[in-house]
file model-v3.txt (compact mmCIF, C-alpha atoms (C1' of nucleotides))
# COMPACT_ATOMS: atom_id res chain seq x y z
CA MET Q 1 0.00 0.00 0.00
CA SER Q 2 1.22 3.42 -0.88
CA ILE Q 3 -0.35 5.17 2.11
CA SER Q 4 1.57 3.15 4.67
CA LYS Q 5 4.81 3.74 2.76
CA ARG Q 6 4.12 7.42 2.96
CA ASP Q 7 3.42 7.22 6.66
CA GLU Q 8 6.56 5.18 7.19
CA LEU Q 9 8.59 7.87 5.46
CA VAL Q 10 7.03 10.66 7.48
CA GLN Q 11 7.57 8.80 10.75
CA LYS Q 12 11.22 8.08 10.01
CA ALA Q 13 11.90 11.56 8.63
CA LEU Q 14 10.37 13.04 11.77
CA LYS Q 15 12.91 11.27 13.97
CA ILE Q 16 15.84 12.30 11.80
CA PHE Q 17 14.77 15.93 11.42
CA TYR Q 18 14.18 16.15 15.16
CA ARG Q 19 17.57 14.65 15.95
CA ASP Q 20 19.74 16.50 13.40
CA GLY Q 21 17.80 19.54 12.24
CA PHE Q 22 16.14 20.38 8.93
CA HIS Q 23 18.84 22.07 6.88
CA ALA Q 24 21.45 19.66 8.24
CA THR Q 25 19.49 16.68 6.92
CA GLY Q 26 19.80 16.11 3.19
CA MET Q 27 17.44 14.06 1.08
CA ASP Q 28 20.25 11.58 0.43
CA THR Q 29 20.63 11.12 4.18
CA LEU Q 30 16.93 10.34 4.38
CA VAL Q 31 17.34 7.77 1.60
CA LYS Q 32 20.22 6.10 3.45
CA GLU Q 33 18.58 6.12 6.88
CA THR Q 34 15.01 5.25 5.91
CA GLY Q 35 15.80 2.76 3.17
CA ILE Q 36 13.13 4.44 1.07
CA SER Q 37 14.19 5.41 -2.44
CA LYS Q 38 14.37 9.02 -3.47
CA THR Q 39 12.02 8.32 -6.33
CA SER Q 40 9.34 7.17 -3.90
CA MET Q 41 9.87 10.20 -1.68
CA TYR Q 42 9.32 12.61 -4.51
CA LYS Q 43 6.23 10.71 -5.55
CA HIS Q 44 4.61 11.48 -2.22
CA PHE Q 45 6.06 14.96 -1.66
CA ARG Q 46 6.79 17.51 -4.33
CA THR Q 47 9.53 19.26 -2.33
CA LYS Q 48 11.55 18.85 0.82
CA GLU Q 49 9.46 21.57 2.43
CA ASP Q 50 6.29 19.55 1.80
CA LEU Q 51 7.89 16.61 3.58
CA ILE Q 52 8.91 18.87 6.47
CA LEU Q 53 5.35 20.16 6.76
CA ALA Q 54 4.06 16.59 6.84
CA THR Q 55 6.48 15.70 9.63
CA LEU Q 56 5.36 18.77 11.58
CA ARG Q 57 1.72 17.83 11.21
CA LEU Q 58 2.48 14.34 12.49
CA ARG Q 59 4.50 15.76 15.36
CA ASP Q 60 1.63 18.03 16.32
CA GLU Q 61 -0.71 15.08 16.42
CA LEU Q 62 1.65 12.82 18.35
CA PHE Q 63 2.73 15.43 20.87
CA ARG Q 64 -0.75 16.71 21.66
CA ASN Q 65 -2.10 13.18 21.95
CA TYR Q 66 0.70 12.25 24.33
CA PHE Q 67 0.45 15.43 26.37
CA ILE Q 68 -3.33 15.43 26.77
CA ARG Q 69 -3.50 11.70 27.43
CA ARG Q 70 -0.85 11.85 30.16
CA VAL Q 71 -2.44 14.87 31.81
CA GLU Q 72 -5.76 13.05 31.92
CA GLU Q 73 -4.12 9.91 33.26
CA LEU Q 74 -2.43 11.76 36.13
CA ALA Q 75 -5.43 13.75 37.30
CA SER Q 76 -9.16 14.04 36.74
CA ASP Q 77 -9.95 17.35 38.45
CA PRO Q 78 -9.37 20.28 36.02
CA LYS Q 79 -7.40 22.35 38.51
CA GLU Q 80 -5.27 19.35 39.37
CA GLN Q 81 -4.77 18.72 35.64
CA LEU Q 82 -3.27 22.20 35.30
CA HIS Q 83 -0.76 21.31 37.98
CA VAL Q 84 0.25 17.92 36.60
CA MET Q 85 0.97 19.44 33.18
CA PHE Q 86 4.42 20.16 34.53
CA ASP Q 87 4.91 16.59 35.69
CA VAL Q 88 4.18 15.50 32.13
CA LEU Q 89 6.73 18.02 30.89
CA LYS Q 90 9.25 16.51 33.31
CA GLU Q 91 8.68 13.07 31.78
CA TRP Q 92 9.21 14.55 28.35
CA PHE Q 93 12.39 16.40 29.28
CA GLU Q 94 13.89 13.23 30.76
CA GLN Q 95 13.43 11.13 27.65
CA LYS Q 96 16.95 10.29 26.51
CA ASP Q 97 16.52 11.66 23.00
CA PHE Q 98 14.86 14.90 24.15
CA ARG Q 99 16.11 17.84 22.12
CA GLY Q 100 13.59 20.57 22.84
CA CYS Q 101 10.39 21.46 21.03
CA MET Q 102 10.44 20.52 17.35
CA PHE Q 103 8.36 23.56 16.42
CA VAL Q 104 10.77 25.89 18.14
CA LYS Q 105 13.56 24.28 16.15
CA ALA Q 106 11.58 24.67 12.94
CA SER Q 107 10.78 28.31 13.64
CA GLY Q 108 14.47 28.93 14.28
CA GLU Q 109 15.49 27.46 10.95
CA TYR Q 110 12.64 29.00 8.97
CA PRO Q 111 12.15 32.32 10.75
CA ASP Q 112 10.41 34.34 8.06
CA HIS Q 113 6.94 35.57 8.93
CA ASP Q 114 3.89 34.24 7.10
CA THR Q 115 5.55 31.16 5.71
CA ALA Q 116 4.05 27.70 5.83
CA ILE Q 117 6.48 26.26 8.36
CA LEU Q 118 6.26 29.11 10.86
CA ASN Q 119 2.46 29.12 10.49
CA THR Q 120 2.37 25.41 11.25
CA ALA Q 121 4.37 26.05 14.41
CA ALA Q 122 1.99 28.83 15.42
CA GLU Q 123 -0.97 26.53 14.81
CA HIS Q 124 0.54 23.89 17.08
CA LYS Q 125 1.00 26.43 19.85
CA LYS Q 126 -2.54 27.65 19.36
CA LEU Q 127 -4.02 24.16 19.67
CA LEU Q 128 -2.08 23.44 22.83
CA LEU Q 129 -3.19 26.78 24.24
CA GLN Q 130 -6.81 25.88 23.54
CA PHE Q 131 -6.49 22.69 25.56
CA VAL Q 132 -4.98 24.55 28.51
CA THR Q 133 -7.54 27.36 28.26
CA ASP Q 134 -10.34 24.80 28.51
CA LEU Q 135 -8.76 23.33 31.63
CA ALA Q 136 -8.35 26.80 33.16
CA ARG Q 137 -11.97 27.62 32.43
CA LYS Q 138 -13.19 24.34 33.96
CA ALA Q 139 -10.94 24.99 36.96
CA GLY Q 140 -12.79 28.25 37.56
CA ALA Q 141 -9.91 30.62 36.90
CA ARG Q 142 -10.81 34.30 37.04
CA ASP Q 143 -9.12 34.94 33.66
CA PRO Q 144 -8.73 31.52 32.06
CA GLU Q 145 -7.25 32.90 28.82
CA LEU Q 146 -4.56 34.82 30.68
CA LEU Q 147 -3.71 31.93 33.00
CA ALA Q 148 -3.45 29.55 30.06
CA ARG Q 149 -1.16 31.90 28.14
CA GLN Q 150 1.04 32.26 31.20
CA LEU Q 151 1.27 28.53 31.74
CA MET Q 152 2.21 28.09 28.08
CA ILE Q 153 4.98 30.64 28.51
CA LEU Q 154 6.31 28.55 31.39
CA LYS Q 155 6.05 25.41 29.26
CA GLU Q 156 8.01 26.92 26.35
CA GLY Q 157 10.69 28.39 28.56
CA ALA Q 158 11.14 25.18 30.48
CA ALA Q 159 11.47 23.18 27.26
CA VAL Q 160 14.10 25.53 25.84
CA LEU Q 161 16.17 25.55 29.02
CA ALA Q 162 15.81 21.80 29.57
CA HIS Q 163 17.49 21.29 26.23
CA ILE Q 164 20.21 23.93 26.56
CA LYS Q 165 21.13 23.40 30.21
CA GLY Q 166 19.93 19.84 30.70
CA PRO Q 167 16.64 18.75 32.28
CA ASP Q 168 17.70 18.71 35.95
CA GLY Q 169 15.31 20.70 38.09
CA ILE Q 170 13.82 22.79 35.31
CA ALA Q 171 10.43 21.10 35.30
CA ASP Q 172 10.26 21.42 39.10
CA ASP Q 173 11.03 25.13 38.92
CA ALA Q 174 8.33 25.59 36.32
CA ARG Q 175 5.90 23.45 38.28
CA MET Q 176 6.32 25.61 41.38
CA ALA Q 177 5.85 28.77 39.35
CA GLY Q 178 2.79 27.23 37.74
CA ASP Q 179 1.40 26.26 41.17
CA ASP Q 180 1.67 29.89 42.28
CA LEU Q 181 -0.07 31.19 39.18
CA ILE Q 182 -2.84 28.59 39.27
CA ASN Q 183 -3.56 29.20 42.94
CA SER Q 184 -3.63 32.97 42.59
CA HIS Q 185 -6.01 32.69 39.61
CA CYS Q 186 -8.31 30.17 41.27
CA ALA Q 187 -8.63 31.77 44.68
CA MET J 1 44.17 47.22 11.16
CA SER J 2 43.38 43.54 11.12
CA ILE J 3 41.49 43.47 14.40
CA SER J 4 38.82 45.90 13.24
CA LYS J 5 38.35 43.93 10.01
CA ARG J 6 37.79 40.87 12.11
CA ASP J 7 35.29 42.71 14.26
CA GLU J 8 33.53 44.04 11.19
CA LEU J 9 33.18 40.50 9.86
CA VAL J 10 31.83 39.18 13.16
CA GLN J 11 29.33 42.04 13.44
CA LYS J 12 28.02 41.57 9.93
CA ALA J 13 27.97 37.78 10.16
CA LEU J 14 26.01 38.08 13.39
CA LYS J 15 23.22 39.97 11.66
CA ILE J 16 23.06 37.54 8.76
CA PHE J 17 23.17 34.40 10.90
CA TYR J 18 20.47 35.84 13.15
CA ARG J 19 18.27 36.75 10.20
CA ASP J 20 18.65 33.62 8.08
CA GLY J 21 20.01 30.88 10.33
CA PHE J 22 23.36 29.13 10.49
CA HIS J 23 23.08 26.22 8.08
CA ALA J 24 21.07 28.35 5.66
CA THR J 25 23.87 30.90 5.42
CA GLY J 26 26.78 29.77 3.26
CA MET J 27 30.25 31.27 3.34
CA ASP J 28 29.72 32.60 -0.18
CA THR J 29 26.65 34.45 1.03
CA LEU J 30 28.75 36.04 3.74
CA VAL J 31 31.29 37.11 1.12
CA LYS J 32 28.57 38.68 -0.99
CA GLU J 33 26.77 40.43 1.87
CA THR J 34 29.74 41.59 3.91
CA GLY J 35 32.04 42.52 1.04
CA ILE J 36 34.84 40.74 2.87
CA SER J 37 36.79 38.23 0.83
CA LYS J 38 36.70 34.58 1.69
CA THR J 39 40.48 34.55 1.96
CA SER J 40 40.32 37.15 4.72
CA MET J 41 37.61 35.26 6.53
CA TYR J 42 39.62 32.10 6.68
CA LYS J 43 42.65 34.05 7.88
CA HIS J 44 40.71 35.07 10.98
CA PHE J 45 38.68 31.90 11.51
CA ARG J 46 39.82 28.39 10.76
CA THR J 47 36.31 27.07 10.18
CA LYS J 48 32.74 28.23 9.85
CA GLU J 49 32.06 26.93 13.33
CA ASP J 50 34.79 29.17 14.74
CA LEU J 51 33.11 32.14 13.10
CA ILE J 52 29.75 31.09 14.51
CA LEU J 53 31.25 30.85 17.99
CA ALA J 54 32.69 34.34 17.61
CA THR J 55 29.30 35.72 16.59
CA LEU J 56 27.71 34.03 19.60
CA ARG J 57 30.28 35.51 21.96
CA LEU J 58 29.60 38.95 20.51
CA ARG J 59 25.86 38.41 20.78
CA ASP J 60 26.23 37.41 24.42
CA GLU J 61 28.13 40.59 25.14
CA LEU J 62 25.76 42.86 23.21
CA PHE J 63 22.58 41.33 24.56
CA ARG J 64 23.63 41.27 28.20
CA ASN J 65 24.95 44.82 27.98
CA TYR J 66 21.68 45.99 26.46
CA PHE J 67 19.50 44.05 28.86
CA ILE J 68 21.33 45.03 32.05
CA ARG J 69 21.72 48.66 31.00
CA ARG J 70 18.02 49.05 30.19
CA VAL J 71 16.93 47.36 33.41
CA GLU J 72 19.13 49.75 35.39
CA GLU J 73 17.82 52.72 33.41
CA LEU J 74 14.19 51.86 34.10
CA ALA J 75 14.51 51.23 37.84
CA SER J 76 17.00 51.56 40.67
CA ASP J 77 15.36 49.49 43.39
CA PRO J 78 16.32 45.78 43.00
CA LYS J 79 12.75 44.52 43.41
CA GLU J 80 11.55 47.06 40.88
CA GLN J 81 14.35 46.00 38.54
CA LEU J 82 13.02 42.45 38.61
CA HIS J 83 9.66 43.77 37.46
CA VAL J 84 10.94 46.00 34.66
CA MET J 85 12.91 43.11 33.14
CA PHE J 86 9.72 42.27 31.32
CA ASP J 87 9.33 45.78 30.01
CA VAL J 88 12.80 45.48 28.52
CA LEU J 89 11.78 42.18 26.97
CA LYS J 90 8.78 43.94 25.45
CA GLU J 91 11.06 46.52 23.84
CA TRP J 92 13.17 43.70 22.45
CA PHE J 93 10.21 41.73 21.08
CA GLU J 94 8.90 44.81 19.29
CA GLN J 95 12.06 45.51 17.38
CA LYS J 96 11.17 45.02 13.74
CA ASP J 97 13.92 42.49 13.04
CA PHE J 98 13.21 40.45 16.17
CA ARG J 99 13.49 36.72 15.47
CA GLY J 100 13.76 35.16 18.89
CA CYS J 101 16.79 34.35 20.97
CA MET J 102 19.88 33.67 18.88
CA PHE J 103 21.13 31.05 21.34
CA VAL J 104 17.89 29.15 21.14
CA LYS J 105 18.24 29.18 17.36
CA ALA J 106 21.83 27.97 17.64
CA SER J 107 20.92 25.19 20.06
CA GLY J 108 18.19 24.10 17.67
CA GLU J 109 20.58 23.83 14.74
CA TYR J 110 23.43 22.28 16.74
CA PRO J 111 21.54 20.17 19.27
CA ASP J 112 24.25 17.67 20.26
CA HIS J 113 25.22 17.70 23.92
CA ASP J 114 28.68 18.81 24.97
CA THR J 115 29.55 20.61 21.79
CA ALA J 116 31.05 24.07 21.63
CA ILE J 117 27.98 25.83 20.27
CA LEU J 118 25.50 24.35 22.73
CA ASN J 119 27.95 25.03 25.58
CA THR J 120 28.21 28.66 24.49
CA ALA J 121 24.42 28.92 24.60
CA ALA J 122 24.38 27.39 28.07
CA GLU J 123 27.04 29.84 29.22
CA HIS J 124 24.96 32.77 27.98
CA LYS J 125 21.94 31.53 29.90
CA LYS J 126 24.08 31.02 32.98
CA LEU J 127 25.43 34.57 32.88
CA LEU J 128 21.96 36.06 32.50
CA LEU J 129 20.74 33.89 35.36
CA GLN J 130 23.54 35.21 37.57
CA PHE J 131 22.45 38.78 36.95
CA VAL J 132 18.85 38.00 37.83
CA THR J 133 19.88 35.97 40.88
CA ASP J 134 21.83 38.95 42.21
CA LEU J 135 18.78 41.16 41.77
CA ALA J 136 16.57 38.60 43.53
CA ARG J 137 19.01 38.39 46.42
CA LYS J 138 19.21 42.17 46.76
CA ALA J 139 15.42 42.32 46.59
CA GLY J 140 15.26 40.07 49.63
CA ALA J 141 13.62 37.08 47.99
CA ARG J 142 13.21 34.06 50.23
CA ASP J 143 14.82 31.75 47.64
CA PRO J 144 16.62 34.06 45.20
CA GLU J 145 18.06 31.21 43.12
CA LEU J 146 14.63 29.66 42.61
CA LEU J 147 12.94 32.96 41.83
CA ALA J 148 15.65 33.84 39.32
CA ARG J 149 15.37 30.47 37.58
CA GLN J 150 11.61 30.89 37.36
CA LEU J 151 11.88 34.39 35.93
CA MET J 152 14.36 33.11 33.36
CA ILE J 153 11.90 30.39 32.36
CA LEU J 154 9.30 33.11 31.77
CA LYS J 155 11.82 35.10 29.73
CA GLU J 156 12.71 32.16 27.46
CA GLY J 157 9.12 31.15 26.94
CA ALA J 158 8.05 34.69 26.14
CA ALA J 159 10.87 35.08 23.61
CA VAL J 160 9.97 31.85 21.84
CA LEU J 161 6.28 32.66 21.64
CA ALA J 162 6.88 36.29 20.67
CA HIS J 163 8.69 35.01 17.60
CA ILE J 164 6.31 32.20 16.65
CA LYS J 165 2.99 33.96 17.35
CA GLY J 166 4.05 37.58 17.10
CA PRO J 167 4.91 39.91 19.99
CA ASP J 168 1.42 41.19 20.82
CA GLY J 169 0.63 40.82 24.49
CA ILE J 170 3.22 38.16 25.25
CA ALA J 171 5.50 40.41 27.28
CA ASP J 172 2.53 41.68 29.26
CA ASP J 173 1.39 38.15 30.07
CA ALA J 174 4.90 37.29 31.21
CA ARG J 175 5.18 40.52 33.18
CA MET J 176 2.00 39.76 35.12
CA ALA J 177 3.19 36.23 35.83
CA GLY J 178 6.54 37.64 36.94
CA ASP J 179 4.81 40.16 39.18
CA ASP J 180 2.99 37.34 40.95
CA LEU J 181 6.15 35.31 41.45
CA ILE J 182 8.21 38.26 42.64
CA ASN J 183 5.56 39.35 45.12
CA SER J 184 5.05 35.91 46.53
CA HIS J 185 8.83 35.46 46.96
CA CYS J 186 9.35 38.89 48.51
CA ALA J 187 6.49 38.93 50.99
C1' DA A 1 61.52 54.83 -1.47
C1' DC A 2 61.45 50.31 0.17
C1' DA A 3 60.06 46.29 2.76
C1' DT A 4 56.58 43.97 5.26
C1' DA A 5 52.21 42.63 6.09
C1' DA A 6 47.22 42.62 5.18
C1' DA A 7 43.63 42.18 2.12
C1' DT A 8 42.11 41.16 -2.22
C1' DG A 9 39.96 38.47 -6.63
C1' DT A 10 39.53 34.37 -8.88
C1' DA A 11 39.56 30.01 -9.76
C1' DC A 12 39.41 25.77 -8.00
C1' DC A 13 38.73 21.30 -4.85
C1' DG A 14 35.70 17.15 -3.72
C1' DA A 15 31.41 16.70 -1.47
C1' DT A 16 26.81 17.50 -0.95
C1' DC A 17 22.54 20.10 -2.01
C1' DA A 18 17.41 19.53 -3.93
C1' DG A 19 15.39 17.48 -7.59
C1' DT A 20 14.79 14.52 -12.17
C1' DA A 21 15.12 10.77 -15.89
C1' DC A 22 14.72 6.28 -16.95
C1' DA A 23 14.86 1.67 -17.05
C1' DT A 24 14.10 -2.34 -14.01
C1' DG A 25 11.94 -4.92 -10.56
C1' DT A 26 7.85 -6.19 -7.51
C1' DT A 27 3.16 -6.85 -6.37
C1' DA A 28 -1.74 -7.37 -6.76
C1' DT A 29 -5.78 -7.81 -9.48
C1' DT A 30 -8.09 -9.73 -13.13
C1' DA T 1 -0.59 -15.80 -17.27
C1' DA T 2 -1.26 -10.89 -18.43
C1' DT T 3 -1.77 -6.28 -17.07
C1' DA T 4 -1.34 -2.21 -14.52
C1' DA T 5 0.28 0.31 -10.64
C1' DC T 6 3.74 0.91 -7.46
C1' DA T 7 8.48 0.77 -5.91
C1' DT T 8 13.09 0.36 -6.87
C1' DG T 9 18.44 1.48 -8.05
C1' DT T 10 21.40 4.26 -10.43
C1' DA T 11 22.96 7.84 -12.58
C1' DC T 12 22.52 12.34 -13.57
C1' DT T 13 21.51 17.73 -13.46
C1' DG T 14 23.24 22.53 -12.13
C1' DA T 15 23.93 24.81 -7.93
C1' DT T 16 25.91 25.32 -3.66
C1' DC T 17 28.48 23.53 0.35
C1' DG T 18 32.98 24.44 3.34
C1' DG T 19 37.55 25.22 2.44
C1' DT T 20 42.13 26.07 -0.26
C1' DA T 21 45.84 27.79 -3.72
C1' DC T 22 47.97 31.43 -5.65
C1' DA T 23 49.05 35.46 -7.61
C1' DT T 24 47.96 40.41 -7.13
C1' DT T 25 46.92 44.65 -4.99
C1' DT T 26 46.62 47.79 -1.06
C1' DA T 27 48.19 49.88 3.02
C1' DT T 28 51.55 50.53 6.74
C1' DG T 29 56.04 51.41 9.08
C1' DT T 30 60.72 52.77 8.68
call {"tool": "encode", "arguments": {"input": "model-v3.txt", "output": "structure tokens"}}
result
Amino acid sequence: MSISKRDELVQKALKIFYRDGFHATGMDTLVKETGISKTSMYKHFRTKEDLILATLRLRDELFRNYFIRRVEELASDPKEQLHVMFDVLKEWFEQKDFRGCMFVKASGEYPDHDTAILNTAAEHKKLLLQFVTDLARKAGARDPELLARQLMILKEGAAVLAHIKGPDGIADDARMAGDDLINSHCA
Amino acid sequence: MSISKRDELVQKALKIFYRDGFHATGMDTLVKETGISKTSMYKHFRTKEDLILATLRLRDELFRNYFIRRVEELASDPKEQLHVMFDVLKEWFEQKDFRGCMFVKASGEYPDHDTAILNTAAEHKKLLLQFVTDLARKAGARDPELLARQLMILKEGAAVLAHIKGPDGIADDARMAGDDLINSHCA
DNA sequence: ACATAAATGTACCGATCAGTACATGTTATT
DNA sequence: AATAACATGTACTGATCGGTACATTTATGT
């Protein structure tokens, strides 16, 4: 089946792009490491950028599924779910192949405004924000939109620093800051 | 003088790397855009990576000088200086060529642990953290190290999101979160 | 004026870049 | 067994990659 071949390519390319970066990964490298011929790649994707966009869409799906599922596994009360977000982040940071947020990497390599890749990154951030805003609203926050945006700022900062300085303690620092914010919004 | 030529190269390369990225900028592009011959470049820097490291060292110096100077211009009381950090960030985000933190971009393109570029990024974050920790201590925070780390998490997250989603409102959200943290640490 | 050093232009190196052409295999359906 | 669609390997394109060779020009110090 052609669809599963396509998915296999996107899955494998995702790992390689995440590990090595986008510009640093050539199409010939993808051929070597995926075992999928270049001809097949260009049958499914017109350009390298199209392939990158497909990997970002898959990443968005995988990451949000993982994040939301783990939050819901660790707590059922909405306010408690806001708190355990940072425990889920800690799990993520401690994965041995953690290299920061893939969308932050993509936006660093393709920084021009109003381009497909940066817009995809913005869309990912927007979808995550919506999930957190819903939790904040259910938790009875005075300003759920503001609280959610603030918690997302903590999440992004923690992810960046966990990659640059190593994961030790960062998620705990962010968790404590998040606790303060959540409690002062849900008095 | 050779030293000023070298500095001129580093200054111009810094702008181009920041605008377009590291892998995306070839040495021939630097020749074209700086007007400095490739021969001269390779007399001052053995490799492209050496040039990148020099631009990062310059960026560290320029950014910390700017950040610290502006904080001290906007407030003299240490606790107040912690607050106005976020106003300085807002200024930075609203610069028209703002594209996020250069060290975050560098760590995204060169993500391997224990390499010179990632270590330089970590050093930059460490130096900024020291400045904020000193302020937190002078402000009488109960746990100045923790408060400083938390404020730095807010700073990184705000910078990332200001680039991906645009600067509107982000610095204000981070400022309000910072206000909460500072006040609860300096009761 | 002369010597030394710095900076230059140009042409080149082998390797890799994204992307294509084309002929050959493989697989499934009929 | 025949056909059609998919997948393959290989070889190629022109452009660009990081880096070098070398001869020439420019500027400085005495």
call {"tool": "interface_residues", "arguments": {"input": "model-v3.txt", "of": "chain J", "to": "chain A", "cutoff": "12 Å", "atoms": "all atoms listed in the file", "output": "list in words"}}
result
Met1, Ser2, Ile3, Lys5, Arg6, His23, Ala24, Gly26, Val31, Gly35, Ile36, Ser37, Lys38, Thr39, Ser40, Met41, Tyr42, Lys43 and His44 of chain J
call {"tool": "interface_residues", "arguments": {"input": "model-v3.txt", "of": "chain J", "to": "chain Q", "cutoff": "8 Å", "atoms": "all atoms listed in the file", "output": "number ranges by chain"}}
result
J: 19-21, 23-24, 99-100, 104-105, 107-111, 118-119, 121-122, 146, 149-150, 152-158, 160-161, 164-165, 173-174, 177, 180-181
call {"tool": "closest_residue", "arguments": {"input": "model-v3.txt", "among": "T:DC6, T:DA11, T:DC17, T:DA27", "to": "J:Thr25", "atoms": "all atoms listed in the file"}}
result
T:DC17
call {"tool": "interface_residues", "arguments": {"input": "model-v3.txt", "of": "chain T", "to": "chain Q", "cutoff": "12 Å", "atoms": "all atoms listed in the file", "output": "list in words"}}
result
DA5, DC6, DA7, DT8, DG9, DT10 and DC17 of chain T
call {"tool": "atom_distance", "arguments": {"input": "model-v3.txt", "atom1": "atom CA of J:Ala187", "atom2": "atom CA of J:Trp92"}}
result
29.7 Å
call {"tool": "atom_distance", "arguments": {"input": "model-v3.txt", "atom1": "atom CA of Q:Ile182", "atom2": "atom CA of Q:Asp143"}}
result
10.5 Å
call {"tool": "build_atoms", "arguments": {"input": "model-v3.txt", "residues": "stretch 85-91 of chain Q", "atoms": "all heavy atoms", "output": "short mmCIF file (atom, residue, chain, number, x, y, z; two decimals), in the coordinates of the input"}}
result
data_model
loop_
_atom_site.label_atom_id
_atom_site.label_comp_id
_atom_site.auth_asym_id
_atom_site.auth_seq_id
_atom_site.Cartn_x
_atom_site.Cartn_y
_atom_site.Cartn_z
N MET Q 85 0.34 19.12 34.46
CA MET Q 85 0.97 19.44 33.18
C MET Q 85 2.49 19.46 33.29
O MET Q 85 3.21 18.98 32.40
CB MET Q 85 0.52 20.83 32.72
CG MET Q 85 -0.77 20.84 31.93
SD MET Q 85 -1.25 22.55 31.52
CE MET Q 85 0.34 23.34 31.29
N PHE Q 86 2.98 20.00 34.39
CA PHE Q 86 4.42 20.16 34.53
C PHE Q 86 5.11 18.84 34.89
O PHE Q 86 6.30 18.66 34.61
CB PHE Q 86 4.72 21.25 35.57
CG PHE Q 86 4.24 22.60 35.14
CD1 PHE Q 86 3.01 23.09 35.55
CD2 PHE Q 86 5.00 23.37 34.26
CE1 PHE Q 86 2.55 24.33 35.12
CE2 PHE Q 86 4.55 24.60 33.83
CZ PHE Q 86 3.33 25.09 34.26
N ASP Q 87 4.35 17.93 35.47
CA ASP Q 87 4.91 16.59 35.69
C ASP Q 87 5.04 15.86 34.36
O ASP Q 87 6.00 15.09 34.14
CB ASP Q 87 4.02 15.81 36.65
CG ASP Q 87 3.90 16.50 38.00
OD1 ASP Q 87 4.91 17.11 38.43
OD2 ASP Q 87 2.83 16.44 38.62
N VAL Q 88 4.08 16.10 33.46
CA VAL Q 88 4.18 15.50 32.13
C VAL Q 88 5.38 16.09 31.38
O VAL Q 88 6.13 15.37 30.72
CB VAL Q 88 2.88 15.72 31.34
CG1 VAL Q 88 3.01 15.16 29.93
CG2 VAL Q 88 1.70 15.09 32.07
N LEU Q 89 5.55 17.40 31.52
CA LEU Q 89 6.73 18.02 30.89
C LEU Q 89 8.02 17.38 31.41
O LEU Q 89 8.94 17.11 30.64
CB LEU Q 89 6.76 19.53 31.19
CG LEU Q 89 5.71 20.38 30.48
CD1 LEU Q 89 5.93 21.85 30.82
CD2 LEU Q 89 5.77 20.18 28.97
N LYS Q 90 8.05 17.13 32.72
CA LYS Q 90 9.25 16.51 33.31
C LYS Q 90 9.55 15.16 32.66
O LYS Q 90 10.70 14.88 32.30
CB LYS Q 90 9.05 16.35 34.81
CG LYS Q 90 10.27 15.82 35.54
CD LYS Q 90 10.04 15.84 37.04
CE LYS Q 90 11.30 15.46 37.79
NZ LYS Q 90 11.18 15.72 39.23
N GLU Q 91 8.51 14.35 32.49
CA GLU Q 91 8.68 13.07 31.78
C GLU Q 91 9.29 13.29 30.41
O GLU Q 91 10.22 12.59 30.00
CB GLU Q 91 7.31 12.41 31.56
CG GLU Q 91 6.71 11.70 32.74
CD GLU Q 91 5.38 11.04 32.36
OE1 GLU Q 91 5.05 10.98 31.13
OE2 GLU Q 91 4.67 10.61 33.26
#
